[in-house]
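Undergrad: Pasting a structure below so you can have a look.
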Amino acid sequence: MGVDFKVGFATDYTGQQWLLRIPRRDDMDEQIDREKKILQLVKKHLSVEVPDWQIISTGLIAYPLIKEKPALTVDAETYDVVWNMAQDSPKYIASLAKALKQLHDIPEEEAWKSDLKIMGPADLRPEVDHQLQMVKS
C-alpha cells in the first residue's frame, strides 16, 4: 500500500506487465530479504498466486504483475480502500479462509529452515505496536 515502497507499473516490450517497488528508505535490506524468504516459502503451499520476484536489489524489486485481481486496492489519490469484490460475498469468505488455513498448515520446520521468525500472539502484539508507533513517527 506504499508505506515502505514507492510503487509503479510498467509494460515490457513483450507486453508483460510488471510491478515495480522502490524502497522509500535506505535501511530496507533486512525487510526485503525477509519478504523474499516468505514469498519463496508460501509459494509452495498456497493455491493463490504469489508474486514471483524477478529483480531483487536494494534499490528495486520487480516482478510480473499477478493475473488475479486483488480483493482490495488503495486509491492512489484519496487513499481510500477500494474493494474489487463484494465484501460480504460467501466466495470471498471461503477463499480467505482457505488461504489462511493453507498458511497455518505450513510446517514450522520449513519456516525455521527458511530462517524466518515464528511468533505467537503474545510476541506479535508488541511488535505490531512497535511498527505502528514507528509509522506514526
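Just remember, in the C-alpha cells the first chain shown is A, the second B, etc., residues are 1-based per chain, and ligands are 1-based in the order shown.
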Compile the contact shell of A:Ile106 as a list in words: residues with an atom at most 10 Å away, counting only C-alpha atoms, same-chain residues fewer than 6 positions apart removed.

TA: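 Those residues are Leu41, Val42, Lys44, His45 and Leu46 of chain A.
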
Undergrad: Could you write out the selected residues, including C-alpha atoms, as a PDB file, in the first residue's frame?

TA:
ATOM      1  CA  LEU A  41       8.063 -20.382   1.340  1.00  0.00           C
ATOM      2  CA  VAL A  42       4.382 -19.612   0.831  1.00  0.00           C
ATOM      3  CA  LYS A  44       4.986 -23.825  -2.275  1.00  0.00           C
ATOM      4  CA  HIS A  45       1.872 -24.011  -0.082  1.00  0.00           C
ATOM      5  CA  LEU A  46      -0.738 -21.532  -1.295  1.00  0.00           C
TER       6      LEU A  46
END

Undergrad: When you look at A:Leu60 with a cut-off of 10 Å (counting only C-alpha atoms), what residues show up, excluding the ones that are within fewer than 5 positions of it in the same chain? I need them as a list in words.

TA: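 That gives Phe5, Lys6, Val7, Leu20, Arg21, Ile22, Pro23, Ile32 and Ile55 of chain A.
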
Undergrad: Within 10 Å of A:Lys67, counting only C-alpha atoms, which residues show up once you throw out same-chain ones fewer than 4 positions away? Write them as a ChimeraX atom specification, please.

TA: /A:17,49-51

Undergrad: Convert the current residue selection to file output with all heavy atoms, as an mmCIF file, in the first residue's frame.

TA:
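Listed below is the output, selection-v4.cif:
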data_model
loop_
_atom_site.group_PDB
_atom_site.id
_atom_site.type_symbol
_atom_site.label_atom_id
_atom_site.label_comp_id
_atom_site.auth_asym_id
_atom_site.auth_seq_id
_atom_site.Cartn_x
_atom_site.Cartn_y
_atom_site.Cartn_z
ATOM 1 N N GLN A 17 3.125 -7.086 -18.127
ATOM 2 C CA GLN A 17 3.014 -6.006 -17.165
ATOM 3 C C GLN A 17 3.815 -6.356 -15.916
ATOM 4 O O GLN A 17 3.815 -7.504 -15.478
ATOM 5 C CB GLN A 17 1.557 -5.754 -16.809
ATOM 6 C CG GLN A 17 0.752 -5.204 -17.974
ATOM 7 C CD GLN A 17 -0.668 -4.914 -17.570
ATOM 8 O OE1 GLN A 17 -1.331 -5.748 -16.970
ATOM 9 N NE2 GLN A 17 -1.136 -3.722 -17.898
ATOM 10 N N GLU A 49 -2.156 -17.069 -6.293
ATOM 11 C CA GLU A 49 -0.948 -16.619 -6.963
ATOM 12 C C GLU A 49 -0.100 -15.762 -6.011
ATOM 13 O O GLU A 49 -0.628 -14.929 -5.284
ATOM 14 C CB GLU A 49 -1.345 -15.806 -8.200
ATOM 15 C CG GLU A 49 -0.241 -15.557 -9.159
ATOM 16 C CD GLU A 49 -0.720 -14.897 -10.446
ATOM 17 O OE1 GLU A 49 -1.892 -14.507 -10.537
ATOM 18 O OE2 GLU A 49 0.107 -14.766 -11.344
ATOM 19 N N VAL A 50 1.196 -15.998 -6.025
ATOM 20 C CA VAL A 50 2.138 -15.291 -5.164
ATOM 21 C C VAL A 50 3.117 -14.542 -6.069
ATOM 22 O O VAL A 50 3.576 -15.090 -7.076
ATOM 23 C CB VAL A 50 2.903 -16.295 -4.262
ATOM 24 C CG1 VAL A 50 3.985 -15.610 -3.468
ATOM 25 C CG2 VAL A 50 1.931 -17.028 -3.350
ATOM 26 N N PRO A 51 3.450 -13.285 -5.733
ATOM 27 C CA PRO A 51 4.411 -12.555 -6.565
ATOM 28 C C PRO A 51 5.719 -13.338 -6.742
ATOM 29 O O PRO A 51 6.230 -13.935 -5.807
ATOM 30 C CB PRO A 51 4.659 -11.264 -5.763
ATOM 31 C CG PRO A 51 3.401 -11.077 -4.971
ATOM 32 C CD PRO A 51 2.958 -12.474 -4.614
#

Undergrad: Which parts of stretch 5-132 of chain A does DSSP call helix (DSSP H, G or I) when run on the backbone here, written out as a PyMOL selection string?

TA: chain A and resi 29-43+90-104+108-113+121-132

Undergrad: Please, which residues of stretch 10-65 of chain A, numbered as in this document, come out strand (DSSP E or B) from DSSP, as a list in words?

TA: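 Residues meeting the strand (DSSP E or B) criterion: Ala10, Thr11, Gln17, Trp18, Leu19, Leu20, Arg21, Ile22, Pro23, Ile55, Ile56, Ile61, Ala62, Tyr63 and Pro64 of chain A.
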
Undergrad: Using the selection just defined, write its residues with C-alpha atoms as a PDB file, in the first residue's frame.

TA:
ATOM      1  CA  ALA A  10       5.448  -0.854 -16.400  1.00  0.00           C
ATOM      2  CA  THR A  11       4.925  -2.904 -19.547  1.00  0.00           C
ATOM      3  CA  GLN A  17       3.014  -6.006 -17.165  1.00  0.00           C
ATOM      4  CA  TRP A  18       5.347  -5.531 -14.195  1.00  0.00           C
ATOM      5  CA  LEU A  19       5.024  -4.186 -10.689  1.00  0.00           C
ATOM      6  CA  LEU A  20       7.997  -2.103  -9.554  1.00  0.00           C
ATOM      7  CA  ARG A  21       8.773  -1.380  -5.897  1.00  0.00           C
ATOM      8  CA  ILE A  22      11.370   1.201  -4.919  1.00  0.00           C
ATOM      9  CA  PRO A  23      12.300   1.394  -1.211  1.00  0.00           C
ATOM     10  CA  ILE A  55      14.629  -8.443  -9.862  1.00  0.00           C
ATOM     11  CA  ILE A  56      15.746  -8.051  -6.249  1.00  0.00           C
ATOM     12  CA  ILE A  61      12.122  -5.084  -6.618  1.00  0.00           C
ATOM     13  CA  ALA A  62      10.312  -6.005  -9.822  1.00  0.00           C
ATOM     14  CA  TYR A  63       8.042  -8.855 -10.747  1.00  0.00           C
ATOM     15  CA  PRO A  64       5.411  -9.735 -13.346  1.00  0.00           C
TER      16      PRO A  64
END

Undergrad: In Å, with one decimal, what is the gap from atom CA of A:Lys36 to atom CA of A:Asp115?

TA: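 Atom CA of A:Lys36 sits 11.3 Å away from atom CA of A:Asp115.
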
Undergrad: Of the residues A:Gln31, A:Ser137, A:Gln40, A:Ser47, which is the one nearest to A:Lys98, using only C-alpha atoms?

TA: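 Closest candidate: A:Ser47.
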
Undergrad: A:Leu116, A:Val48, A:Val128, A:Leu39: which is nearest A:Ala97, counting only C-alpha atoms?

TA: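 Closest to A:Ala97, using only C-alpha atoms: A:Val48.
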
Undergrad: Identify which of the residues A:Leu72, A:Glu35, A:Leu65, A:Gln54 lies closest to A:Phe9, counting only C-alpha atoms when measuring atom-to-atom distances.

TA: A:Leu65

Undergrad: Show which residues sit within 9 Å of stretch 108-113 of chain A, as an MDAnalysis selection string. Count only C-alpha atoms, and ignore same-chain residues fewer than 5 positions away.

TA: chainID A and resid 37:38 41 118

Undergrad: Would you compute the distance between atom CA of A:Arg24 and atom CA of A:Arg125? Give it in Å to one decimal.

TA: 25.1 Å
